[in-house]
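Asks: Below is the file protein_4.pdb, with PDB, C-alpha atoms, pLDDT in the B column.
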MODEL        1
ATOM      1  CA  MET J   1     109.905  90.355  77.002  1.00 75.00           C
ATOM      2  CA  ASP J   2     113.207  88.932  78.288  1.00 80.00           C
ATOM      3  CA  PRO J   3     113.365  88.038  81.966  1.00 83.00           C
ATOM      4  CA  GLU J   4     115.055  90.575  84.222  1.00 88.00           C
ATOM      5  CA  LEU J   5     116.621  87.827  86.296  1.00 94.00           C
ATOM      6  CA  ILE J   6     117.129  84.073  85.917  1.00 96.00           C
ATOM      7  CA  PHE J   7     118.812  81.813  88.447  1.00 97.00           C
ATOM      8  CA  HIS J   8     118.817  78.226  89.671  1.00 97.00           C
ATOM      9  CA  LEU J   9     119.071  76.818  93.161  1.00 96.00           C
ATOM     10  CA  PRO J  10     119.260  73.346  94.706  1.00 97.00           C
ATOM     11  CA  SER J  11     116.260  71.855  96.492  1.00 97.00           C
ATOM     12  CA  ASP J  12     117.365  73.034  99.921  1.00 96.00           C
ATOM     13  CA  VAL J  13     114.817  74.959 101.991  1.00 95.00           C
ATOM     14  CA  LEU J  14     117.658  76.873 103.652  1.00 94.00           C
ATOM     15  CA  ARG J  15     118.172  78.581 100.283  1.00 96.00           C
ATOM     16  CA  ILE J  16     114.606  79.924 100.048  1.00 95.00           C
ATOM     17  CA  GLU J  17     115.099  83.060 102.140  1.00 94.00           C
ATOM     18  CA  GLY J  18     118.113  84.170 100.088  1.00 95.00           C
ATOM     19  CA  ALA J  19     116.338  83.496  96.804  1.00 96.00           C
ATOM     20  CA  VAL J  20     113.284  85.491  97.886  1.00 95.00           C
ATOM     21  CA  GLU J  21     115.438  88.438  98.938  1.00 94.00           C
ATOM     22  CA  LYS J  22     117.330  88.299  95.639  1.00 95.00           C
ATOM     23  CA  VAL J  23     114.066  88.706  93.710  1.00 95.00           C
ATOM     24  CA  VAL J  24     112.689  91.388  96.037  1.00 93.00           C
ATOM     25  CA  ALA J  25     115.975  93.308  95.856  1.00 92.00           C
ATOM     26  CA  ARG J  26     115.756  93.304  92.045  1.00 91.00           C
ATOM     27  CA  CYS J  27     112.194  94.677  92.330  1.00 90.00           C
ATOM     28  CA  HIS J  28     113.107  97.222  95.009  1.00 85.00           C
ATOM     29  CA  ARG J  29     113.146 100.275  92.749  1.00 83.00           C
ATOM     30  CA  ILE J  30     109.704  99.594  91.293  1.00 84.00           C
ATOM     31  CA  ILE J  31     108.123  98.418  94.556  1.00 84.00           C
ATOM     32  CA  GLU J  32     108.943 101.795  96.058  1.00 82.00           C
ATOM     33  CA  LEU J  33     106.684 103.346  93.398  1.00 81.00           C
ATOM     34  CA  GLU J  34     103.719 101.186  94.367  1.00 79.00           C
ATOM     35  CA  ARG J  35     100.707 102.607  96.147  1.00 78.00           C
ATOM     36  CA  ARG J  36     101.042 100.020  98.924  1.00 78.00           C
ATOM     37  CA  ALA J  37     104.730  99.157  98.864  1.00 83.00           C
ATOM     38  CA  SER J  38     104.845  97.207 102.117  1.00 81.00           C
ATOM     39  CA  ARG J  39     101.872  95.051 101.094  1.00 78.00           C
ATOM     40  CA  VAL J  40     103.414  94.360  97.681  1.00 82.00           C
ATOM     41  CA  ARG J  41     106.713  93.428  99.310  1.00 87.00           C
ATOM     42  CA  MET J  42     104.979  91.083 101.776  1.00 91.00           C
ATOM     43  CA  ASN J  43     102.749  89.434  99.167  1.00 93.00           C
ATOM     44  CA  LEU J  44     105.614  88.857  96.775  1.00 93.00           C
ATOM     45  CA  ARG J  45     107.834  87.443  99.538  1.00 95.00           C
ATOM     46  CA  VAL J  46     105.227  85.057 100.948  1.00 96.00           C
ATOM     47  CA  ALA J  47     103.941  83.853  97.556  1.00 96.00           C
ATOM     48  CA  LEU J  48     107.441  83.278  96.213  1.00 97.00           C
ATOM     49  CA  ALA J  49     108.510  81.469  99.396  1.00 96.00           C
ATOM     50  CA  GLU J  50     105.476  79.196  98.982  1.00 96.00           C
ATOM     51  CA  ALA J  51     106.236  78.496  95.332  1.00 96.00           C
ATOM     52  CA  LEU J  52     109.876  77.669  96.111  1.00 97.00           C
ATOM     53  CA  SER J  53     108.929  75.483  99.043  1.00 95.00           C
ATOM     54  CA  ASN J  54     106.407  73.538  96.927  1.00 94.00           C
ATOM     55  CA  ALA J  55     108.909  73.158  94.100  1.00 96.00           C
ATOM     56  CA  MET J  56     111.641  71.837  96.414  1.00 96.00           C
ATOM     57  CA  LEU J  57     109.617  69.634  98.749  1.00 94.00           C
ATOM     58  CA  TYR J  58     106.793  68.334  96.548  1.00 92.00           C
ATOM     59  CA  GLY J  59     108.019  68.911  92.979  1.00 94.00           C
ATOM     60  CA  ASN J  60     111.612  67.760  93.462  1.00 96.00           C
ATOM     61  CA  GLY J  61     110.798  65.519  96.435  1.00 94.00           C
ATOM     62  CA  ALA J  62     113.422  67.285  98.623  1.00 93.00           C
ATOM     63  CA  ASP J  63     116.127  65.771  96.405  1.00 95.00           C
ATOM     64  CA  ARG J  64     118.977  68.272  96.752  1.00 94.00           C
ATOM     65  CA  SER J  65     120.505  67.212  93.456  1.00 95.00           C
ATOM     66  CA  LYS J  66     117.418  68.503  91.647  1.00 97.00           C
ATOM     67  CA  ARG J  67     117.278  72.195  90.899  1.00 97.00           C
ATOM     68  CA  VAL J  68     114.642  74.889  90.868  1.00 98.00           C
ATOM     69  CA  ARG J  69     114.653  77.596  88.208  1.00 98.00           C
ATOM     70  CA  VAL J  70     113.469  81.110  89.048  1.00 98.00           C
ATOM     71  CA  GLU J  71     112.665  83.736  86.421  1.00 97.00           C
ATOM     72  CA  LEU J  72     111.639  87.305  87.121  1.00 96.00           C
ATOM     73  CA  THR J  73     110.079  89.551  84.489  1.00 95.00           C
ATOM     74  CA  ILE J  74     109.062  93.129  85.199  1.00 93.00           C
ATOM     75  CA  THR J  75     106.708  94.913  82.832  1.00 91.00           C
ATOM     76  CA  ALA J  76     104.992  98.279  83.048  1.00 88.00           C
ATOM     77  CA  ARG J  77     101.905  96.503  84.362  1.00 90.00           C
ATOM     78  CA  ALA J  78     103.123  93.572  86.440  1.00 92.00           C
ATOM     79  CA  ILE J  79     105.809  91.726  88.354  1.00 93.00           C
ATOM     80  CA  ILE J  80     105.886  88.158  87.011  1.00 96.00           C
ATOM     81  CA  THR J  81     107.836  85.357  88.685  1.00 97.00           C
ATOM     82  CA  ARG J  82     108.037  81.825  87.356  1.00 97.00           C
ATOM     83  CA  VAL J  83     109.252  78.909  89.482  1.00 98.00           C
ATOM     84  CA  THR J  84     109.971  75.587  87.757  1.00 98.00           C
ATOM     85  CA  ASP J  85     111.075  72.303  89.288  1.00 97.00           C
ATOM     86  CA  GLU J  86     112.346  69.068  87.765  1.00 97.00           C
ATOM     87  CA  GLY J  87     109.553  66.918  89.134  1.00 93.00           C
ATOM     88  CA  PRO J  88     106.858  64.985  87.283  1.00 91.00           C
ATOM     89  CA  GLY J  89     104.229  67.618  88.097  1.00 88.00           C
ATOM     90  CA  PHE J  90     101.574  68.081  90.717  1.00 80.00           C
ATOM     91  CA  ASP J  91      97.777  68.301  90.616  1.00 78.00           C
ATOM     92  CA  TYR J  92      97.189  71.833  91.820  1.00 77.00           C
ATOM     93  CA  GLU J  93      93.457  71.729  91.251  1.00 77.00           C
ATOM     94  CA  GLY J  94      92.453  69.102  93.797  1.00 79.00           C
ATOM     95  CA  ILE J  95      93.570  71.044  96.866  1.00 84.00           C
ATOM     96  CA  PRO J  96      90.923  71.414  99.585  1.00 88.00           C
ATOM     97  CA  ASP J  97      89.987  74.788 101.056  1.00 92.00           C
ATOM     98  CA  PRO J  98      92.123  75.175 104.232  1.00 95.00           C
ATOM     99  CA  THR J  99      89.667  77.614 105.806  1.00 96.00           C
ATOM    100  CA  THR J 100      86.793  75.156 106.331  1.00 95.00           C
ATOM    101  CA  PRO J 101      86.193  74.171 109.981  1.00 92.00           C
ATOM    102  CA  GLU J 102      87.466  70.635 109.352  1.00 91.00           C
ATOM    103  CA  SER J 103      90.717  71.920 107.770  1.00 93.00           C
ATOM    104  CA  LEU J 104      91.451  74.842 110.069  1.00 93.00           C
ATOM    105  CA  LEU J 105      93.341  72.772 112.635  1.00 93.00           C
ATOM    106  CA  LYS J 106      95.506  71.034 110.047  1.00 94.00           C
ATOM    107  CA  PRO J 107      99.148  72.155 110.058  1.00 93.00           C
ATOM    108  CA  ASP J 108      99.517  72.105 106.270  1.00 92.00           C
ATOM    109  CA  GLY J 109      97.638  72.754 103.029  1.00 92.00           C
ATOM    110  CA  ARG J 110      97.729  76.575 103.035  1.00 95.00           C
ATOM    111  CA  GLY J 111     100.543  77.240 100.561  1.00 93.00           C
ATOM    112  CA  ILE J 112      98.707  77.375  97.248  1.00 93.00           C
ATOM    113  CA  PHE J 113      95.682  78.980  98.887  1.00 94.00           C
ATOM    114  CA  LEU J 114      97.905  81.805 100.155  1.00 95.00           C
ATOM    115  CA  MET J 115      99.570  82.252  96.761  1.00 95.00           C
ATOM    116  CA  ARG J 116      96.170  82.628  95.123  1.00 94.00           C
ATOM    117  CA  LYS J 117      94.957  85.080  97.761  1.00 94.00           C
ATOM    118  CA  LEU J 118      98.076  87.245  97.760  1.00 94.00           C
ATOM    119  CA  LEU J 119      98.577  87.566  94.021  1.00 94.00           C
ATOM    120  CA  ASP J 120      96.452  88.704  91.110  1.00 94.00           C
ATOM    121  CA  GLU J 121      97.068  85.601  88.998  1.00 95.00           C
ATOM    122  CA  VAL J 122      98.578  82.185  89.712  1.00 95.00           C
ATOM    123  CA  SER J 123      98.838  79.750  86.814  1.00 95.00           C
ATOM    124  CA  PHE J 124     100.441  76.365  86.285  1.00 94.00           C
ATOM    125  CA  ASN J 125     101.748  74.700  83.169  1.00 94.00           C
ATOM    126  CA  GLU J 126     100.032  71.561  81.923  1.00 92.00           C
ATOM    127  CA  ARG J 127     102.609  69.226  83.467  1.00 92.00           C
ATOM    128  CA  GLY J 128     102.209  70.945  86.844  1.00 91.00           C
ATOM    129  CA  ASN J 129     105.913  71.564  87.499  1.00 95.00           C
ATOM    130  CA  SER J 130     105.972  75.292  86.754  1.00 97.00           C
ATOM    131  CA  VAL J 131     103.998  78.044  88.440  1.00 96.00           C
ATOM    132  CA  THR J 132     103.719  81.624  87.235  1.00 97.00           C
ATOM    133  CA  LEU J 133     102.965  84.291  89.823  1.00 96.00           C
ATOM    134  CA  LEU J 134     101.637  87.632  88.619  1.00 96.00           C
ATOM    135  CA  LEU J 135     101.317  90.723  90.758  1.00 92.00           C
ATOM    136  CA  ARG J 136      99.769  93.739  89.030  1.00 90.00           C
ATOM    137  CA  ARG J 137     101.437  97.065  89.600  1.00 87.00           C
ATOM    138  CA  ASP J 138      99.533  99.999  91.016  1.00 79.00           C
ATOM    139  CA  GLN J 139     101.984 102.833  90.835  1.00 68.00           C
ATOM    140  CA  VAL J 140     101.710 106.071  92.752  1.00 64.00           C
ATOM    141  CA  ARG J 141     103.822 107.700  90.056  1.00 56.00           C
ATOM    142  CA  ARG J 142     105.280 106.559  86.780  1.00 56.00           C
ATOM    143  CA  GLU J 143     108.890 105.449  86.514  1.00 52.00           C
TER     144      GLU J 143
ATOM    145  CA  MET G   1     118.955  82.329 116.346  1.00 64.00           C
ATOM    146  CA  PRO G   2     115.708  83.783 115.003  1.00 84.00           C
ATOM    147  CA  PHE G   3     113.894  83.161 118.308  1.00 94.00           C
ATOM    148  CA  ILE G   4     114.559  84.945 121.584  1.00 95.00           C
ATOM    149  CA  VAL G   5     113.008  83.314 124.645  1.00 96.00           C
ATOM    150  CA  GLU G   6     112.223  85.314 127.787  1.00 96.00           C
ATOM    151  CA  GLN G   7     110.183  84.665 130.901  1.00 95.00           C
ATOM    152  CA  SER G   8     107.742  87.071 132.536  1.00 95.00           C
ATOM    153  CA  GLY G   9     106.117  85.425 135.534  1.00 94.00           C
ATOM    154  CA  ALA G  10     104.253  82.383 134.244  1.00 94.00           C
ATOM    155  CA  ILE G  11     104.423  83.556 130.636  1.00 96.00           C
ATOM    156  CA  THR G  12     107.061  82.367 128.200  1.00 97.00           C
ATOM    157  CA  ILE G  13     107.639  85.040 125.582  1.00 97.00           C
ATOM    158  CA  ILE G  14     109.137  84.013 122.244  1.00 97.00           C
ATOM    159  CA  SER G  15     110.183  86.828 119.924  1.00 97.00           C
ATOM    160  CA  VAL G  16     110.458  85.929 116.265  1.00 96.00           C
ATOM    161  CA  THR G  17     113.264  88.083 114.886  1.00 94.00           C
ATOM    162  CA  GLY G  18     113.394  87.604 111.126  1.00 90.00           C
ATOM    163  CA  HIS G  19     111.037  85.269 109.292  1.00 93.00           C
ATOM    164  CA  LEU G  20     108.994  82.283 110.437  1.00 95.00           C
ATOM    165  CA  ILE G  21     109.335  79.965 107.468  1.00 94.00           C
ATOM    166  CA  VAL G  22     109.836  76.384 106.359  1.00 92.00           C
ATOM    167  CA  ALA G  23     113.578  76.626 107.058  1.00 90.00           C
ATOM    168  CA  ASN G  24     113.249  77.431 110.785  1.00 93.00           C
ATOM    169  CA  ARG G  25     109.814  76.201 111.868  1.00 93.00           C
ATOM    170  CA  GLN G  26     111.340  73.094 113.510  1.00 93.00           C
ATOM    171  CA  GLU G  27     113.450  75.356 115.699  1.00 95.00           C
ATOM    172  CA  LEU G  28     110.351  77.111 117.039  1.00 96.00           C
ATOM    173  CA  LYS G  29     108.662  73.757 117.541  1.00 96.00           C
ATOM    174  CA  HIS G  30     111.629  72.509 119.517  1.00 96.00           C
ATOM    175  CA  VAL G  31     111.719  75.626 121.744  1.00 96.00           C
ATOM    176  CA  VAL G  32     108.006  75.483 122.610  1.00 97.00           C
ATOM    177  CA  LEU G  33     107.811  71.709 123.092  1.00 97.00           C
ATOM    178  CA  GLU G  34     110.870  71.742 125.341  1.00 96.00           C
ATOM    179  CA  ARG G  35     109.328  74.482 127.503  1.00 96.00           C
ATOM    180  CA  LEU G  36     106.021  72.622 127.530  1.00 97.00           C
ATOM    181  CA  ARG G  37     107.808  69.485 128.676  1.00 96.00           C
ATOM    182  CA  THR G  38     109.366  71.359 131.613  1.00 95.00           C
ATOM    183  CA  GLY G  39     106.019  72.723 132.758  1.00 95.00           C
ATOM    184  CA  ASP G  40     105.454  76.039 130.977  1.00 96.00           C
ATOM    185  CA  ARG G  41     101.833  76.473 129.911  1.00 96.00           C
ATOM    186  CA  GLU G  42     101.359  80.118 128.867  1.00 97.00           C
ATOM    187  CA  PHE G  43     103.117  81.223 125.688  1.00 97.00           C
ATOM    188  CA  LEU G  44     103.151  84.613 124.001  1.00 97.00           C
ATOM    189  CA  VAL G  45     104.726  84.737 120.539  1.00 98.00           C
ATOM    190  CA  ASP G  46     105.863  88.274 119.780  1.00 97.00           C
ATOM    191  CA  PHE G  47     105.960  89.228 116.082  1.00 97.00           C
ATOM    192  CA  ALA G  48     107.062  92.860 116.499  1.00 96.00           C
ATOM    193  CA  GLU G  49     110.405  92.104 114.798  1.00 95.00           C
ATOM    194  CA  THR G  50     109.132  89.623 112.203  1.00 95.00           C
ATOM    195  CA  GLY G  51     109.522  90.033 108.449  1.00 91.00           C
ATOM    196  CA  TYR G  52     107.109  87.493 107.016  1.00 93.00           C
ATOM    197  CA  ILE G  53     105.468  84.159 107.819  1.00 95.00           C
ATOM    198  CA  ASP G  54     104.892  81.434 105.237  1.00 95.00           C
ATOM    199  CA  SER G  55     102.312  78.650 105.310  1.00 96.00           C
ATOM    200  CA  SER G  56     104.745  76.338 107.129  1.00 96.00           C
ATOM    201  CA  GLY G  57     105.167  79.005 109.796  1.00 96.00           C
ATOM    202  CA  LEU G  58     101.400  79.329 110.132  1.00 97.00           C
ATOM    203  CA  GLY G  59     101.159  75.537 110.255  1.00 97.00           C
ATOM    204  CA  VAL G  60     103.649  75.183 113.085  1.00 97.00           C
ATOM    205  CA  LEU G  61     101.741  77.773 115.125  1.00 98.00           C
ATOM    206  CA  VAL G  62      98.532  75.778 114.582  1.00 97.00           C
ATOM    207  CA  SER G  63     100.158  72.545 115.627  1.00 97.00           C
ATOM    208  CA  LEU G  64     101.881  74.079 118.683  1.00 97.00           C
ATOM    209  CA  SER G  65      98.701  75.817 119.777  1.00 97.00           C
ATOM    210  CA  LYS G  66      96.919  72.464 119.717  1.00 96.00           C
ATOM    211  CA  LYS G  67      99.647  70.771 121.784  1.00 97.00           C
ATOM    212  CA  VAL G  68      99.725  73.603 124.337  1.00 97.00           C
ATOM    213  CA  ARG G  69      95.932  73.551 124.638  1.00 96.00           C
ATOM    214  CA  GLU G  70      95.974  69.777 125.207  1.00 96.00           C
ATOM    215  CA  GLN G  71      98.181  70.472 128.250  1.00 96.00           C
ATOM    216  CA  GLY G  72      95.736  73.060 129.580  1.00 96.00           C
ATOM    217  CA  GLY G  73      97.681  76.107 128.423  1.00 96.00           C
ATOM    218  CA  GLU G  74      97.417  78.732 125.705  1.00 96.00           C
ATOM    219  CA  LEU G  75      99.652  80.056 122.950  1.00 97.00           C
ATOM    220  CA  ARG G  76      98.786  83.651 122.120  1.00 97.00           C
ATOM    221  CA  LEU G  77     100.130  85.941 119.422  1.00 97.00           C
ATOM    222  CA  ALA G  78     101.228  89.557 119.840  1.00 97.00           C
ATOM    223  CA  ALA G  79     102.249  92.580 117.760  1.00 97.00           C
ATOM    224  CA  LEU G  80     101.267  91.407 114.285  1.00 96.00           C
ATOM    225  CA  ASN G  81     101.603  94.301 111.877  1.00 93.00           C
ATOM    226  CA  GLU G  82      98.824  94.957 109.365  1.00 91.00           C
ATOM    227  CA  ASP G  83     100.411  92.789 106.656  1.00 91.00           C
ATOM    228  CA  LEU G  84     101.046  89.838 108.967  1.00 94.00           C
ATOM    229  CA  ARG G  85      97.551  90.138 110.408  1.00 95.00           C
ATOM    230  CA  THR G  86      96.192  89.879 106.864  1.00 94.00           C
ATOM    231  CA  LEU G  87      97.793  86.428 106.538  1.00 95.00           C
ATOM    232  CA  PHE G  88      95.876  85.257 109.608  1.00 97.00           C
ATOM    233  CA  GLN G  89      92.644  86.811 108.343  1.00 96.00           C
ATOM    234  CA  LEU G  90      92.938  85.274 104.859  1.00 96.00           C
ATOM    235  CA  THR G  91      93.504  81.822 106.332  1.00 97.00           C
ATOM    236  CA  LYS G  92      90.887  82.404 109.074  1.00 97.00           C
ATOM    237  CA  LEU G  93      93.521  81.547 111.661  1.00 97.00           C
ATOM    238  CA  ASP G  94      92.617  84.793 113.420  1.00 96.00           C
ATOM    239  CA  THR G  95      89.582  82.834 114.670  1.00 95.00           C
ATOM    240  CA  LEU G  96      91.825  80.167 116.191  1.00 95.00           C
ATOM    241  CA  PHE G  97      94.254  82.340 118.146  1.00 96.00           C
ATOM    242  CA  THR G  98      93.987  85.053 120.747  1.00 95.00           C
ATOM    243  CA  ILE G  99      95.800  87.960 119.096  1.00 96.00           C
ATOM    244  CA  VAL G 100      96.833  90.990 121.138  1.00 96.00           C
ATOM    245  CA  ASP G 101      98.183  94.276 119.824  1.00 96.00           C
ATOM    246  CA  SER G 102     101.421  94.293 121.807  1.00 94.00           C
ATOM    247  CA  ARG G 103     103.593  92.267 124.127  1.00 94.00           C
ATOM    248  CA  GLU G 104     102.638  94.658 126.960  1.00 93.00           C
ATOM    249  CA  GLU G 105      98.944  93.983 126.361  1.00 93.00           C
ATOM    250  CA  GLY G 106      99.626  90.239 126.330  1.00 92.00           C
ATOM    251  CA  LEU G 107     101.398  90.413 129.677  1.00 93.00           C
ATOM    252  CA  ARG G 108      98.808  92.741 131.205  1.00 87.00           C
ATOM    253  CA  ASP G 109      95.760  90.732 130.157  1.00 65.00           C
ATOM    254  CA  ASN G 110      97.004  87.406 131.436  1.00 63.00           C
TER     255      ASN G 110
ENDMDL
END
Could you express the structure from this file as structure tokens?

Replies:
Amino acid sequence: MDPELIFHLPSDVLRIEGAVEKVVARCHRIIELERRASRVRMNLRVALAEALSNAMLYGNGADRSKRVRVELTITARAIITRVTDEGPGFDYEGIPDPTTPESLLKPDGRGIFLMRKLLDEVSFNERGNSVTLLLRRDQVRRE
Amino acid sequence: MPFIVEQSGAITIISVTGHLIVANRQELKHVVLERLRTGDREFLVDFAETGYIDSSGLGVLVSLSKKVREQGGELRLAALNEDLRTLFQLTKLDTLFTIVDSREEGLRDN
């Protein structure tokens, strides 16, 4: 299925909010049909903000000349967003649990954990520079 | 300015209007640390007008709470809606902060 929306943005964290709203706005019509619209909206916003932040700061090393690609695909069953950076890739598997007593007071390390908790599926490509976020739809009524 | 600062007795109230995210977390840090430097010790962060909080926003709250506590004060959170509260529960940060239902409750209980 062809993506509903594709755009690129520079690695500038000030651009994250606008990019998130652009995606949510494109999903607005279908989110309104969801059983828990406000939760879906929140989960999508937070998870996408995390993915963009990781791509810009860690993937592209905060190098503003490097871009981040965002793709949105909407199917009858899911909202799928893919965020890809130009970096060499990142090991997403070796991230410690931020909820253990020894990690709780740390200011960082919650981004990927939150993505995984808020979405139904989070997957990375082999290189580790592209994350796919999948949120299953639970519609109150059919479109 | 996504943060509105008010004073009620000894309590510094900071309302987050908009989102608390990677792009503005330093601004919140600056506001709280500046107030801490000038002697404020009791902080109430009001989320009644907040859209969403990302992990950087959560992180700055953790780090500020620690700094305030080291100075003998407390940074409490107020008016988290159900969705925002879920973020604190998922990350277990609800165990780290005193969370009150409203700004009024936060001012009354102090």

Asks: Near chain J, which residues of chain G fall within 7 Å when you count all atoms listed in the file, and what do they look like as a PyMOL selection string?

Replies: chain G and resi 22-23+52-56+59-60+62-63+83+91-92

Asks: Take the PyMOL selection byres ((chain G and resi 18) around 6), run it mentally on this structure, and tell me the resulting residues as JSON, numbers by chain.

Replies: {"G": [2, 17, 19, 50, 51]}

Asks: Do you have the CA of Gly94 (chain J)-CA of Arg25 (chain G) distance handy?

Replies: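 So the answer is 26.0 Å.
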
Asks: When the PyMOL selection byres ((chain G and resi 14-16) around 9) is applied to the file above, which residues end up in the set, as a list in words?

Replies: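 So the PyMOL selection byres ((chain G and resi 14-16) around 9), applied here, picks out Pro2, Phe3, Ile4, Val5, Glu6, Gln7, Thr12, Ile13, Thr17, Gly18, His19, Leu20, Leu28, Val31, Val32, Phe43, Leu44, Val45, Asp46, Phe47, Ala48, Glu49, Thr50 and Gly51 of chain G.
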
Asks: Could you state which residues are captured by the PyMOL selection byres ((chain G and resi 77) around 9) in this file, as a ChimeraX atom specification?

Replies: /G:43-47,75-76,78-80,97-103,106

Asks: Counting only C-alpha atoms, which residue out of G:Gln26, G:Thr38, G:Gln71, G:Thr86 sits closest to Gly57 (chain G)?

Replies: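 Counting only C-alpha atoms, the residue closest to Gly57 (chain G) is G:Gln26.
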
Asks: What does the structure give for the distance between CA of Ile30 (chain J) and CA of Gly18 (chain J), in Å to one decimal?

Replies: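 It comes out at 19.6 Å.
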
Asks: Is it possible to get the residues within 12 Å of (97.3, 91.4, 134.5) (coordinates as in the file, counting all atoms listed in the file) written as a list in words?

Replies: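 Using all atoms listed in the file, the matching residues come out as Ser8, Gly9, Ala10, Ile11, Glu104, Glu105, Gly106, Leu107, Arg108, Asp109 and Asn110 of chain G.
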
Asks: Pick from J:His28, J:Lys66, J:Arg77, J:Lys22: nearest to Asp138 (chain J), with only C-alpha atoms counted?

Replies: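 Smallest distance to Asp138 (chain J) is found for J:Arg77.
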
Asks: Just checking: using all atoms listed in the file, which residue out of J:Glu4, J:Glu21, J:Asp91, J:Glu102 ends up closest to Asn125 (chain J)?

Replies: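 With all atoms listed in the file as the atom set, the closest residue is J:Asp91.
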